[in-house]
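Colleague: Provided herewith is a single structure, encoded as structure tokens, for subsequent inquiry.
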Amino acid sequence: MSDLFGKRIAGLSQSSGLTAIRGIRRGIEKESLRVTPDGHLAQTPHPQALGSALTHPSITTDYSEALLEFITPAFTRIEDTLAHLEKTHIFTHQNIDDELLWVNSMPCIMGDDSSIPIAQYGSSNIGKMKTIYRRGLGHRYGRLMQTISGIHYNFSFPEEFWQHYQSLEKDTQALKDFTSEQYFHLIRNFQRFSPLLIYLFGASPAVCASFLSRQSHTLHQHPSSGTLYQPFATSLRMSDLGYQNDSQSGLHIPYDSVQSYATALRLAMNTSYPAYKKIGAKADLQQLSSHVLQIENEYYGQIRPKRNAESGERPTTALLKRGVEYIEMRCIDLNPFLDVGINAEQMRFLDIFAVYCLLQPSPLINTEELRAIEANNKVIVLNGRSPHGQLTFNGEQFQLSNWAKSIWPKLEEIADTLDHAYSSQKQYQAALKAQYDKLEETELLPSSQILQQLSDNKINFYEFAMDIASQKASAFRSRTLNPADQAYYEKTARASLEQQKQLESQSEIPFDAYLQNYLNT
């Protein structure tokens, strides 16, 4: 089995393989809460100067009116992806008055659920559907949990890569089917190995006490008042903190194939759940249905297979018709120490990790392994930096850093291949070295650095986050876009508002009929 990796990496190191790898595309979706100058959740509506949250391609909202989501196009150059995200931040800071963008994944000072405004998308059928879906999430899980923010890293190989790789694998099925099969191969390994990402990049070991003021928890009181934390935590965001989800606890969506994945999601969308019947149905505009899932996106996972859907098309329909187009890595915390929450070094490591997940053997995940994966995730998010934490891989127990070091030679081969492909002056190897240093010195981990700053500066989580948010706001407001970029963002905002008006002025079928049509596609 180990020789299989060697054959695959050798095949990708051929000149045609290196050329194909250069077409890798990366996009980022980044969430950030708008907060007042004193760190409370903003109660203002989505700023009109930013455009329509329904139709703007780059600036929208997620769960709440106050939860901004920035979306970059998928670029072949890491630098272009980050540049687009930085420009979006600059334009946004021009148009949110004195409000700040919260820099941490765990929220700001929070009141009760009623203080969290649900995102509004206008009076069109699609706008109503998006708002009702979010209202349903609030009823099911509470609004508070929905304010936790993160980064989604969208990654895809180009068609030329898949053609080359299919030839290496001596596979003869349709390219679309081979591509989807291999993406699911990658996804299964991502599930197995994602503790490494959470360990290296987890940046939410603490939270403002107001976030958990109305529910029981097992976190520790930090010496700084108003802060709750777990001493060896990496990512409270990825824990079940604040996320009571009984309906999904027994919902195991298989990642065997497109067909099995889509079938299981659709079954959940058609399976009634007694507790949700009490909420009310779509006729009451409280949720889209009383089923286990309202729509596919309600299923929370660390990674998703994705395909850009056509207007009015369900995600599973798009996948079944045209196959997997890219993957969405969803376990990335906002790093408060980085300008936009992520940087090129981290993105290069994510590239290496994705290629590793593809090249490693990836058998189907059975019930026993699924339990081990779930147990590993719990250990890594709550006690990942503990020297006594043990994870299970292939039936054997390891301390995370020891297991990571055992796979590092393969990661180095991938980094070397990517550096050759991009002629990148060993930037991938440098990114890998930076992560290895974290295995050797845990104080370099973002989760360690956050707790260290709280202790060294004798401040609480709120003061730590507010200080960085204020610094970043000042830095972004001091920057200006070049005239072409400024004109682009202003024009795009106006065009999105006009597009929403046009949608709302069109004659539409009744909402119930629209929703039924959508769910039946």
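In the structure tokens, the first chain shown is A, the next is B, and so on; residue numbers restart at 1 for each chain, and ligands run from 1 in the order shown.
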Go through region 292-454 of chain A and collect every residue that DSSP, computed from the backbone, puts in helix (DSSP H, G or I); the answer should be as a ChimeraX atom specification.

Modeller: /A:296-298,315-322,344-359,367-383,400-422,427-440,442-444,446-454

Colleague: Take the residues just selected and output them with C-alpha atoms as a PDB file, in the first residue's frame.

Modeller:
ATOM      1  CA  GLU A 296     -28.855  19.937   2.295  1.00  0.00           C
ATOM      2  CA  ASN A 297     -26.749  22.753   3.763  1.00  0.00           C
ATOM      3  CA  GLU A 298     -28.209  22.148   7.202  1.00  0.00           C
ATOM      4  CA  PRO A 315     -27.005  20.998  -4.425  1.00  0.00           C
ATOM      5  CA  THR A 316     -27.597  17.243  -4.566  1.00  0.00           C
ATOM      6  CA  THR A 317     -29.254  17.558  -7.978  1.00  0.00           C
ATOM      7  CA  ALA A 318     -26.209  19.406  -9.311  1.00  0.00           C
ATOM      8  CA  LEU A 319     -23.886  16.740  -7.883  1.00  0.00           C
ATOM      9  CA  LEU A 320     -25.899  13.862  -9.335  1.00  0.00           C
ATOM     10  CA  LYS A 321     -26.138  15.459 -12.769  1.00  0.00           C
ATOM     11  CA  ARG A 322     -22.636  16.824 -13.242  1.00  0.00           C
ATOM     12  CA  ALA A 344      -0.508  32.205   1.943  1.00  0.00           C
ATOM     13  CA  GLU A 345       1.568  29.931   4.165  1.00  0.00           C
ATOM     14  CA  GLN A 346      -1.543  28.287   5.578  1.00  0.00           C
ATOM     15  CA  MET A 347      -3.103  27.973   2.130  1.00  0.00           C
ATOM     16  CA  ARG A 348       0.002  26.217   0.825  1.00  0.00           C
ATOM     17  CA  PHE A 349      -0.193  23.721   3.656  1.00  0.00           C
ATOM     18  CA  LEU A 350      -3.879  23.117   2.879  1.00  0.00           C
ATOM     19  CA  ASP A 351      -2.859  22.397  -0.713  1.00  0.00           C
ATOM     20  CA  ILE A 352      -0.262  19.875   0.471  1.00  0.00           C
ATOM     21  CA  PHE A 353      -2.787  18.286   2.796  1.00  0.00           C
ATOM     22  CA  ALA A 354      -5.420  17.965   0.049  1.00  0.00           C
ATOM     23  CA  VAL A 355      -2.949  16.259  -2.292  1.00  0.00           C
ATOM     24  CA  TYR A 356      -1.876  13.918   0.511  1.00  0.00           C
ATOM     25  CA  CYS A 357      -5.512  12.940   1.135  1.00  0.00           C
ATOM     26  CA  LEU A 358      -5.896  12.181  -2.571  1.00  0.00           C
ATOM     27  CA  LEU A 359      -2.748  10.083  -2.948  1.00  0.00           C
ATOM     28  CA  THR A 367     -18.854   1.879  11.751  1.00  0.00           C
ATOM     29  CA  GLU A 368     -15.809   1.147  13.896  1.00  0.00           C
ATOM     30  CA  GLU A 369     -13.658   3.676  12.086  1.00  0.00           C
ATOM     31  CA  LEU A 370     -16.427   6.263  12.170  1.00  0.00           C
ATOM     32  CA  ARG A 371     -16.493   5.989  15.964  1.00  0.00           C
ATOM     33  CA  ALA A 372     -12.712   6.444  16.041  1.00  0.00           C
ATOM     34  CA  ILE A 373     -12.968   9.539  13.817  1.00  0.00           C
ATOM     35  CA  GLU A 374     -15.629  11.055  16.087  1.00  0.00           C
ATOM     36  CA  ALA A 375     -13.534  10.280  19.176  1.00  0.00           C
ATOM     37  CA  ASN A 376     -10.409  11.782  17.566  1.00  0.00           C
ATOM     38  CA  ASN A 377     -12.270  14.977  16.761  1.00  0.00           C
ATOM     39  CA  LYS A 378     -13.479  15.335  20.327  1.00  0.00           C
ATOM     40  CA  VAL A 379      -9.982  14.827  21.715  1.00  0.00           C
ATOM     41  CA  ILE A 380      -8.291  17.237  19.308  1.00  0.00           C
ATOM     42  CA  VAL A 381     -10.713  20.156  19.732  1.00  0.00           C
ATOM     43  CA  LEU A 382     -10.880  20.008  23.531  1.00  0.00           C
ATOM     44  CA  ASN A 383      -7.482  18.592  24.548  1.00  0.00           C
ATOM     45  CA  LEU A 400      -0.961  13.726  17.507  1.00  0.00           C
ATOM     46  CA  SER A 401       2.510  15.176  16.961  1.00  0.00           C
ATOM     47  CA  ASN A 402       4.072  11.701  16.800  1.00  0.00           C
ATOM     48  CA  TRP A 403       1.538  10.531  14.223  1.00  0.00           C
ATOM     49  CA  ALA A 404       2.048  13.722  12.199  1.00  0.00           C
ATOM     50  CA  LYS A 405       5.810  13.242  12.154  1.00  0.00           C
ATOM     51  CA  SER A 406       5.300   9.709  10.815  1.00  0.00           C
ATOM     52  CA  ILE A 407       3.554  11.042   7.694  1.00  0.00           C
ATOM     53  CA  TRP A 408       5.830  14.067   7.260  1.00  0.00           C
ATOM     54  CA  PRO A 409       8.194  12.480   4.694  1.00  0.00           C
ATOM     55  CA  LYS A 410       5.243  12.052   2.322  1.00  0.00           C
ATOM     56  CA  LEU A 411       4.145  15.650   2.915  1.00  0.00           C
ATOM     57  CA  GLU A 412       7.692  16.725   2.064  1.00  0.00           C
ATOM     58  CA  GLU A 413       7.537  14.840  -1.237  1.00  0.00           C
ATOM     59  CA  ILE A 414       4.282  16.612  -2.084  1.00  0.00           C
ATOM     60  CA  ALA A 415       5.710  20.007  -1.111  1.00  0.00           C
ATOM     61  CA  ASP A 416       8.716  19.377  -3.336  1.00  0.00           C
ATOM     62  CA  THR A 417       6.426  18.416  -6.246  1.00  0.00           C
ATOM     63  CA  LEU A 418       4.295  21.546  -5.799  1.00  0.00           C
ATOM     64  CA  ASP A 419       7.386  23.739  -5.604  1.00  0.00           C
ATOM     65  CA  HIS A 420       8.606  22.271  -8.891  1.00  0.00           C
ATOM     66  CA  ALA A 421       5.190  22.776 -10.462  1.00  0.00           C
ATOM     67  CA  TYR A 422       5.015  26.435  -9.449  1.00  0.00           C
ATOM     68  CA  GLN A 427       7.568  28.273  -0.725  1.00  0.00           C
ATOM     69  CA  TYR A 428       5.671  25.026  -0.196  1.00  0.00           C
ATOM     70  CA  GLN A 429       8.611  23.518   1.652  1.00  0.00           C
ATOM     71  CA  ALA A 430       8.836  26.653   3.792  1.00  0.00           C
ATOM     72  CA  ALA A 431       5.114  26.409   4.596  1.00  0.00           C
ATOM     73  CA  LEU A 432       5.594  22.785   5.595  1.00  0.00           C
ATOM     74  CA  LYS A 433       8.611  23.631   7.749  1.00  0.00           C
ATOM     75  CA  ALA A 434       6.564  26.278   9.597  1.00  0.00           C
ATOM     76  CA  GLN A 435       3.993  23.655  10.523  1.00  0.00           C
ATOM     77  CA  TYR A 436       6.625  21.137  11.587  1.00  0.00           C
ATOM     78  CA  ASP A 437       7.996  23.756  13.966  1.00  0.00           C
ATOM     79  CA  LYS A 438       4.567  23.799  15.662  1.00  0.00           C
ATOM     80  CA  LEU A 439       4.859  20.068  16.271  1.00  0.00           C
ATOM     81  CA  GLU A 440       8.183  20.680  18.003  1.00  0.00           C
ATOM     82  CA  THR A 442       3.463  23.921  20.866  1.00  0.00           C
ATOM     83  CA  GLU A 443       3.749  27.555  21.955  1.00  0.00           C
ATOM     84  CA  LEU A 444       3.812  28.419  18.229  1.00  0.00           C
ATOM     85  CA  PRO A 446      -2.385  29.858  17.412  1.00  0.00           C
ATOM     86  CA  SER A 447      -4.410  28.305  20.238  1.00  0.00           C
ATOM     87  CA  SER A 448      -1.358  28.479  22.519  1.00  0.00           C
ATOM     88  CA  GLN A 449      -0.555  32.032  21.492  1.00  0.00           C
ATOM     89  CA  ILE A 450      -4.053  33.254  22.301  1.00  0.00           C
ATOM     90  CA  LEU A 451      -4.033  31.805  25.815  1.00  0.00           C
ATOM     91  CA  GLN A 452      -0.490  33.066  26.349  1.00  0.00           C
ATOM     92  CA  GLN A 453      -1.524  36.604  25.441  1.00  0.00           C
ATOM     93  CA  LEU A 454      -4.443  36.469  27.863  1.00  0.00           C
TER      94      LEU A 454
END

Colleague: Interatomic distance between CA of Met466 (chain A) and CA of Met238 (chain A)?

Modeller: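 About the pair CA of Met466 (chain A) and CA of Met238 (chain A): they are 22.2 Å apart.
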
Colleague: Do you have the CA of Gln360 (chain A)-CA of Gly6 (chain A) distance handy?

Modeller: 9.7 Å

Colleague: Between A:Leu186, A:Leu364, A:Leu219, A:Leu288, which one has atoms that come closest to Ser260 (chain A), using only C-alpha atoms?

Modeller: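 Under the stated criterion, the closest residue is A:Leu364.
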
Colleague: Counting only C-alpha atoms, which residues of region 300-356 of chain A sit at most 10 Å from some atom of region 151-174 of chain A, and what is each one's closest atom pair with its distance in Å to one decimal, listed by chain and rising residue number, as JSON lines?

Modeller:
{"residue": "A:Gln302", "atom": "CA", "partner": "A:His152", "partner_atom": "CA", "distance": 9.4}
{"residue": "A:Ile303", "atom": "CA", "partner": "A:His152", "partner_atom": "CA", "distance": 8.9}
{"residue": "A:Arg304", "atom": "CA", "partner": "A:Asn154", "partner_atom": "CA", "distance": 9.5}
{"residue": "A:Pro305", "atom": "CA", "partner": "A:Asn154", "partner_atom": "CA", "distance": 9.8}
{"residue": "A:Lys306", "atom": "CA", "partner": "A:Asn154", "partner_atom": "CA", "distance": 9.0}
{"residue": "A:Val324", "atom": "CA", "partner": "A:Ser156", "partner_atom": "CA", "distance": 9.4}
{"residue": "A:Glu325", "atom": "CA", "partner": "A:Ser156", "partner_atom": "CA", "distance": 6.8}
{"residue": "A:Tyr326", "atom": "CA", "partner": "A:Ser156", "partner_atom": "CA", "distance": 4.5}
{"residue": "A:Ile327", "atom": "CA", "partner": "A:Phe155", "partner_atom": "CA", "distance": 5.5}
{"residue": "A:Glu328", "atom": "CA", "partner": "A:Asn154", "partner_atom": "CA", "distance": 4.5}
{"residue": "A:Met329", "atom": "CA", "partner": "A:Tyr153", "partner_atom": "CA", "distance": 5.0}
{"residue": "A:Arg330", "atom": "CA", "partner": "A:His152", "partner_atom": "CA", "distance": 4.7}
{"residue": "A:Cys331", "atom": "CA", "partner": "A:His152", "partner_atom": "CA", "distance": 7.3}
{"residue": "A:Ile332", "atom": "CA", "partner": "A:Ile151", "partner_atom": "CA", "distance": 5.2}
{"residue": "A:Asp333", "atom": "CA", "partner": "A:Ile151", "partner_atom": "CA", "distance": 6.1}
{"residue": "A:Leu334", "atom": "CA", "partner": "A:Ile151", "partner_atom": "CA", "distance": 6.3}
{"residue": "A:Asn335", "atom": "CA", "partner": "A:Ile151", "partner_atom": "CA", "distance": 9.5}
{"residue": "A:Val340", "atom": "CA", "partner": "A:Ile151", "partner_atom": "CA", "distance": 10.0}
{"residue": "A:Gly341", "atom": "CA", "partner": "A:Ile151", "partner_atom": "CA", "distance": 7.9}
{"residue": "A:Ile342", "atom": "CA", "partner": "A:Ile151", "partner_atom": "CA", "distance": 8.2}
{"residue": "A:Met347", "atom": "CA", "partner": "A:Tyr153", "partner_atom": "CA", "distance": 8.3}
{"residue": "A:Leu350", "atom": "CA", "partner": "A:Tyr153", "partner_atom": "CA", "distance": 8.4}
{"residue": "A:Asp351", "atom": "CA", "partner": "A:Phe155", "partner_atom": "CA", "distance": 7.9}
{"residue": "A:Ala354", "atom": "CA", "partner": "A:Phe155", "partner_atom": "CA", "distance": 8.2}
{"residue": "A:Val355", "atom": "CA", "partner": "A:Phe157", "partner_atom": "CA", "distance": 9.6}

Colleague: Hey, which bits of region 84-174 of chain A sit within 10 Å of region 39-56 of chain A, and for each residue what's the closest pair of atoms and how far apart in Å (one decimal), counting only C-alpha atoms, rows by chain and increasing number, as a Markdown table?

Modeller:
| residue | atom | partner | partner_atom | distance |
| --- | --- | --- | --- | --- |
| A:Thr88 | CA | A:Leu50 | CA | 9.8 |
| A:Phe91 | CA | A:Leu50 | CA | 8.2 |
| A:Thr92 | CA | A:Leu50 | CA | 6.8 |
| A:His93 | CA | A:Leu50 | CA | 9.9 |
| A:Gln94 | CA | A:Ala49 | CA | 9.2 |
| A:Asn95 | CA | A:Ala49 | CA | 6.2 |
| A:Ile96 | CA | A:Pro47 | CA | 6.7 |
| A:Asp97 | CA | A:Pro47 | CA | 9.4 |
| A:Glu99 | CA | A:Ala42 | CA | 7.6 |
| A:Leu100 | CA | A:Gly39 | CA | 8.0 |
| A:Leu101 | CA | A:Gly39 | CA | 9.5 |
| A:Trp102 | CA | A:Gly39 | CA | 8.1 |
| A:Pro107 | CA | A:Leu41 | CA | 8.5 |
| A:Cys108 | CA | A:Gly39 | CA | 6.0 |
| A:Ile109 | CA | A:His40 | CA | 5.0 |
| A:Met110 | CA | A:His40 | CA | 6.5 |
| A:Gly111 | CA | A:Leu41 | CA | 8.4 |
| A:Ser115 | CA | A:Gln43 | CA | 7.8 |
| A:Ile116 | CA | A:Leu41 | CA | 7.5 |
| A:Pro117 | CA | A:Gln43 | CA | 6.9 |
| A:Ile118 | CA | A:Pro45 | CA | 9.8 |
| A:Ala119 | CA | A:His46 | CA | 8.2 |
| A:Gln120 | CA | A:Ala53 | CA | 8.2 |
| A:Tyr121 | CA | A:Leu54 | CA | 5.5 |
| A:Gly122 | CA | A:Leu54 | CA | 7.9 |
| A:Ser124 | CA | A:Leu54 | CA | 9.9 |
| A:Ile126 | CA | A:Leu54 | CA | 8.6 |
| A:Gly127 | CA | A:Leu54 | CA | 6.8 |
| A:Lys130 | CA | A:Leu54 | CA | 8.8 |
| A:Thr147 | CA | A:Leu41 | CA | 9.6 |

Colleague: Using only C-alpha atoms, please write the residues we just selected to a file, as a PDB file, in the first residue's frame.

Modeller:
ATOM      1  CA  THR A  88     -13.171  43.273   0.001  1.00  0.00           C
ATOM      2  CA  PHE A  91     -14.202  48.332   0.789  1.00  0.00           C
ATOM      3  CA  THR A  92     -16.273  46.936   3.652  1.00  0.00           C
ATOM      4  CA  HIS A  93     -14.490  49.046   6.244  1.00  0.00           C
ATOM      5  CA  GLN A  94     -15.262  52.111   4.124  1.00  0.00           C
ATOM      6  CA  ASN A  95     -18.969  51.394   4.472  1.00  0.00           C
ATOM      7  CA  ILE A  96     -19.701  50.187   8.014  1.00  0.00           C
ATOM      8  CA  ASP A  97     -19.264  53.556   9.768  1.00  0.00           C
ATOM      9  CA  GLU A  99     -18.444  49.326  13.398  1.00  0.00           C
ATOM     10  CA  LEU A 100     -15.698  46.712  13.601  1.00  0.00           C
ATOM     11  CA  LEU A 101     -15.257  43.228  12.189  1.00  0.00           C
ATOM     12  CA  TRP A 102     -14.800  40.658  14.936  1.00  0.00           C
ATOM     13  CA  PRO A 107     -18.443  35.570  19.078  1.00  0.00           C
ATOM     14  CA  CYS A 108     -18.371  38.954  20.735  1.00  0.00           C
ATOM     15  CA  ILE A 109     -20.463  40.038  23.739  1.00  0.00           C
ATOM     16  CA  MET A 110     -23.793  38.333  23.209  1.00  0.00           C
ATOM     17  CA  GLY A 111     -27.266  38.804  24.643  1.00  0.00           C
ATOM     18  CA  SER A 115     -30.760  40.099  20.209  1.00  0.00           C
ATOM     19  CA  ILE A 116     -29.414  38.249  17.150  1.00  0.00           C
ATOM     20  CA  PRO A 117     -31.109  39.585  13.989  1.00  0.00           C
ATOM     21  CA  ILE A 118     -31.772  36.945  11.337  1.00  0.00           C
ATOM     22  CA  ALA A 119     -30.482  37.791   7.853  1.00  0.00           C
ATOM     23  CA  GLN A 120     -33.063  39.366   5.543  1.00  0.00           C
ATOM     24  CA  TYR A 121     -33.033  38.862   1.780  1.00  0.00           C
ATOM     25  CA  GLY A 122     -36.102  40.703   0.531  1.00  0.00           C
ATOM     26  CA  SER A 124     -38.643  37.439  -3.687  1.00  0.00           C
ATOM     27  CA  ILE A 126     -35.632  32.887  -3.112  1.00  0.00           C
ATOM     28  CA  GLY A 127     -35.130  35.680  -0.562  1.00  0.00           C
ATOM     29  CA  LYS A 130     -33.239  31.927   2.649  1.00  0.00           C
ATOM     30  CA  THR A 147     -22.951  33.356  15.153  1.00  0.00           C
TER      31      THR A 147
END

Colleague: Could you name the residues that touch Gln230 (chain A) at 9 Å or less, counting only C-alpha atoms, but leaving out those on the same chain fewer than 6 positions away, as a PDB file with C-alpha atoms, in the first residue's frame?

Modeller:
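In the end it all went to around-v6.pdb:
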ATOM      1  CA  PRO A 205      -9.372  27.843  22.849  1.00  0.00           C
ATOM      2  CA  ALA A 206     -11.346  30.480  24.776  1.00  0.00           C
ATOM      3  CA  THR A 218     -17.645  22.049  31.304  1.00  0.00           C
ATOM      4  CA  LEU A 219     -15.212  24.840  30.473  1.00  0.00           C
ATOM      5  CA  HIS A 220     -12.873  26.335  33.056  1.00  0.00           C
ATOM      6  CA  GLN A 221     -12.993  29.855  34.424  1.00  0.00           C
ATOM      7  CA  HIS A 222      -9.923  31.673  33.164  1.00  0.00           C
ATOM      8  CA  LEU A 236     -13.886  25.193  20.647  1.00  0.00           C
ATOM      9  CA  LEU A 382     -10.880  20.008  23.531  1.00  0.00           C
ATOM     10  CA  ASN A 383      -7.482  18.592  24.548  1.00  0.00           C
TER      11      ASN A 383
END

Colleague: Which residues come within 10 Å of Glu86 (chain A), counting only C-alpha atoms, excluding same-chain residues fewer than 4 positions away, as a list in words?

Modeller: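 Those residues are Phe70, Thr72, Asp80, Thr81, Leu82, Ile90, Phe91, Thr92, Asp339, Val340, Phe476 and Leu481 of chain A.
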
Colleague: Take the residues just selected and output them with N, CA and C atoms as a PDB file, in the first residue's frame.

Modeller:
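Result file again-v7.pdb:
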ATOM      1  N   PHE A  70     -17.638  37.014   3.203  1.00  0.00           N
ATOM      2  CA  PHE A  70     -16.881  37.461   2.039  1.00  0.00           C
ATOM      3  C   PHE A  70     -16.522  36.244   1.193  1.00  0.00           C
ATOM      4  N   THR A  72     -14.568  34.923  -2.289  1.00  0.00           N
ATOM      5  CA  THR A  72     -13.676  35.227  -3.410  1.00  0.00           C
ATOM      6  C   THR A  72     -14.006  34.311  -4.585  1.00  0.00           C
ATOM      7  N   ASP A  80      -3.705  35.913  -5.741  1.00  0.00           N
ATOM      8  CA  ASP A  80      -4.908  36.568  -6.261  1.00  0.00           C
ATOM      9  C   ASP A  80      -6.106  36.353  -5.330  1.00  0.00           C
ATOM     10  N   THR A  81      -6.198  35.155  -4.765  1.00  0.00           N
ATOM     11  CA  THR A  81      -7.287  34.878  -3.827  1.00  0.00           C
ATOM     12  C   THR A  81      -7.187  35.796  -2.620  1.00  0.00           C
ATOM     13  N   LEU A  82      -6.005  35.909  -2.045  1.00  0.00           N
ATOM     14  CA  LEU A  82      -5.828  36.756  -0.872  1.00  0.00           C
ATOM     15  C   LEU A  82      -6.003  38.231  -1.205  1.00  0.00           C
ATOM     16  N   ILE A  90     -11.158  46.067   2.666  1.00  0.00           N
ATOM     17  CA  ILE A  90     -10.963  47.525   2.599  1.00  0.00           C
ATOM     18  C   ILE A  90     -12.272  48.203   2.237  1.00  0.00           C
ATOM     19  N   PHE A  91     -12.934  47.726   1.214  1.00  0.00           N
ATOM     20  CA  PHE A  91     -14.202  48.332   0.789  1.00  0.00           C
ATOM     21  C   PHE A  91     -15.244  48.237   1.894  1.00  0.00           C
ATOM     22  N   THR A  92     -15.291  47.112   2.573  1.00  0.00           N
ATOM     23  CA  THR A  92     -16.273  46.936   3.652  1.00  0.00           C
ATOM     24  C   THR A  92     -16.031  47.924   4.779  1.00  0.00           C
ATOM     25  N   ASP A 339      -4.084  39.214   8.945  1.00  0.00           N
ATOM     26  CA  ASP A 339      -4.878  40.356   8.462  1.00  0.00           C
ATOM     27  C   ASP A 339      -6.298  39.963   8.083  1.00  0.00           C
ATOM     28  N   VAL A 340      -6.452  38.885   7.305  1.00  0.00           N
ATOM     29  CA  VAL A 340      -7.785  38.474   6.864  1.00  0.00           C
ATOM     30  C   VAL A 340      -8.152  37.088   7.406  1.00  0.00           C
ATOM     31  N   PHE A 476      -7.171  48.810   8.011  1.00  0.00           N
ATOM     32  CA  PHE A 476      -7.916  48.719   6.752  1.00  0.00           C
ATOM     33  C   PHE A 476      -8.478  50.080   6.342  1.00  0.00           C
ATOM     34  N   LEU A 481      -8.350  51.703  -2.071  1.00  0.00           N
ATOM     35  CA  LEU A 481      -8.304  50.891  -3.280  1.00  0.00           C
ATOM     36  C   LEU A 481      -7.857  51.751  -4.448  1.00  0.00           C
TER      37      LEU A 481
END

Colleague: Quick one: everything within 9 Å of Thr271 (chain A), counting only C-alpha atoms, minus sequence neighbours fewer than 2 positions away in the same chain. Send it as a list of chain:residue names.

Modeller: A:Arg266, A:Leu267, A:Ala268, A:Met269, A:Tyr273, A:Ser290, A:His291, A:Val292, A:Leu293

Colleague: Closest to His89 (chain A) among A:Ser474, A:Ser362, A:Ser213, A:Thr19, using only C-alpha atoms?

Modeller: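 Closest residue, counting only C-alpha atoms: A:Ser474.
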
Colleague: Here is a test: counting only C-alpha atoms, which residue of A:Arg192, A:Arg25, A:Arg34, A:Lys87 is nearest to Ile365 (chain A)?

Modeller: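 Nearest candidate to Ile365 (chain A) out of A:Arg192, A:Arg25, A:Arg34, A:Lys87: A:Arg192.
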
Colleague: Excluding Met106 (chain A) and residues on its chain fewer than 3 positions from it, collect all residues at most 12 Å away from it, counting only C-alpha atoms, and give them as an MDAnalysis selection string.

Modeller: chainID A and resid 31:33 102:103 109:110 144:150 202:212 227:229 235:239 241:242 333:336 461:462 465

Colleague: Restricting the calculation to only C-alpha atoms, which member of A:Gln14, A:Lys501, A:Pro223, A:Ser289 is positioned closest to Pro274 (chain A)?

Modeller: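 Among the listed residues, the smallest separation from Pro274 (chain A) belongs to A:Ser289.
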